[in-house]
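Engineer: Next up is a structure, given as structure tokens.
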Amino acid sequence: MAVKVVADISGMKPLLAKLKKLSPKENRQILVRSLTDCAELVVENAKREQIIRGGRVAGTGPRGGKVMSDKPPHPSRLTSRTGRLRDSISINLQPLPGAIEVGASVVYARVHELGIPPYPKRAFLEPAVKATERRFPEIFMANWRRIAGV
């Protein structure tokens, strides 16, 4: 899933004037820093908000002792027993400066994200993007202001 960011600066003449004076190196810095900040936001949301703890849960047995039992998976959200999927979510910087990628390195991440029969879709990256994308324009604007000196 690709995300496109559009920032309207038509009403900000001082910023527009400064942007026109930026060097290619400064433009690259703005783009790289902004894409990296956005990707970090997506990763953080995917790890903390989109994948819920699940699987084995501690309980009390009939004689008062501690027992572990399997908790069924959530019907629509992804649950994690070990945290392996959560830990594998990372940023690929190779496509920079024009793009950046967020993904997970474990093989079963694709199955969860896309829902490949017989397994239901339990996406974690798509909802993370949807939960954070409203902040992308402000991230770009903040980096433009900082690097352009406005």
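Numbering starts fresh at 1 for the residues of each chain in the structure tokens, the chains themselves are lettered A, B, ... in the order given, and ligands are numbered from 1 as they appear.
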Counting only C-alpha atoms, what is within 9 Å of stretch 94-110 of chain A, bar same-chain residues fewer than 6 positions away, as a ChimeraX atom specification?
Structural biologist: /A:28-29,31-32,35-36,39-40,42-43,84-88,116,123-125
Engineer: I'd like the neighbourhood of A:Lys20 as a ChimeraX atom specification, where a residue qualifies if any of its atoms comes within 12 Å (using only C-alpha atoms), though same-chain residues fewer than 6 positions away should be ignored.
Structural biologist: /A:13-14,26-27,144,148
Engineer: Using DSSP on the backbone coordinates, identify the residues of stretch 20-145 of chain A assigned to strand (DSSP E); present them as an MDAnalysis selection string.
Structural biologist: chainID A and resid 51:53 56:60 66:70 78:80 89:92 101:104
Engineer: Limited to C-alpha atoms, could you put the picked residues into a file as an mmCIF file, in the first residue's frame?
Structural biologist:
```
data_model
loop_
_atom_site.group_PDB
_atom_site.id
_atom_site.type_symbol
_atom_site.label_atom_id
_atom_site.label_comp_id
_atom_site.auth_asym_id
_atom_site.auth_seq_id
_atom_site.Cartn_x
_atom_site.Cartn_y
_atom_site.Cartn_z
ATOM 1 C CA ILE A 51 -0.902 -5.848 17.444
ATOM 2 C CA ILE A 52 -2.515 -6.848 20.700
ATOM 3 C CA ARG A 53 -1.148 -9.261 23.237
ATOM 4 C CA ARG A 56 -1.066 -17.877 26.142
ATOM 5 C CA VAL A 57 -2.611 -16.396 29.256
ATOM 6 C CA ALA A 58 -1.963 -17.138 32.902
ATOM 7 C CA GLY A 59 -4.838 -18.307 35.017
ATOM 8 C CA THR A 60 -5.683 -20.234 38.155
ATOM 9 C CA LYS A 66 -1.089 -21.264 38.201
ATOM 10 C CA VAL A 67 -1.813 -22.623 34.742
ATOM 11 C CA MET A 68 -1.284 -21.383 31.198
ATOM 12 C CA SER A 69 -4.052 -21.704 28.678
ATOM 13 C CA ASP A 70 -4.455 -20.701 25.065
ATOM 14 C CA LEU A 78 -3.879 -9.459 15.167
ATOM 15 C CA THR A 79 -2.741 -11.023 18.411
ATOM 16 C CA SER A 80 0.818 -11.936 19.296
ATOM 17 C CA ILE A 89 8.567 -4.515 11.971
ATOM 18 C CA SER A 90 11.189 -2.186 10.576
ATOM 19 C CA ILE A 91 12.007 0.563 8.111
ATOM 20 C CA ASN A 92 13.788 -0.021 4.806
ATOM 21 C CA GLU A 101 9.234 1.269 3.125
ATOM 22 C CA VAL A 102 7.827 -0.154 6.330
ATOM 23 C CA GLY A 103 7.439 -3.900 6.599
ATOM 24 C CA ALA A 104 7.992 -6.991 8.687
#
```
Engineer: For A:Glu126, which residue out of A:Arg146, A:Arg77, A:Lys18, A:Arg33 is the nearest one, using only C-alpha atoms?
Structural biologist: A:Arg77
Engineer: Report, in Å to a single decimal, how far apart atom CA of A:Lys21 and atom CA of A:Ala142 are.
Structural biologist: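 Between these atoms lies a distance of 17.3 Å.
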Engineer: Enter the distance from atom CA of A:Ile139 to atom CA of A:Glu113, in Å, rounded to one decimal.
Structural biologist: 26.0 Å
Engineer: By how many Å are atom CA of A:Thr82 and atom CA of A:Asn45 apart?
Structural biologist: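 We find that atom CA of A:Thr82 and atom CA of A:Asn45 lie 18.1 Å from each other.
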Engineer: Which of these residues is nearest to A:Cys38, using only C-alpha atoms: A:Asn143, A:Gln50, A:Ser23, A:Thr132?
Structural biologist: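 The shortest atom-to-atom distance to A:Cys38 comes from A:Thr132.
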Engineer: Rank A:Leu19, A:Met12, A:Ala46, A:Leu93 by their smallest atom-to-atom distance to A:Ala131, using only C-alpha atoms, and report the top residue only.
Structural biologist: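 Of the candidates, the smallest distance to A:Ala131 is held by A:Ala46.
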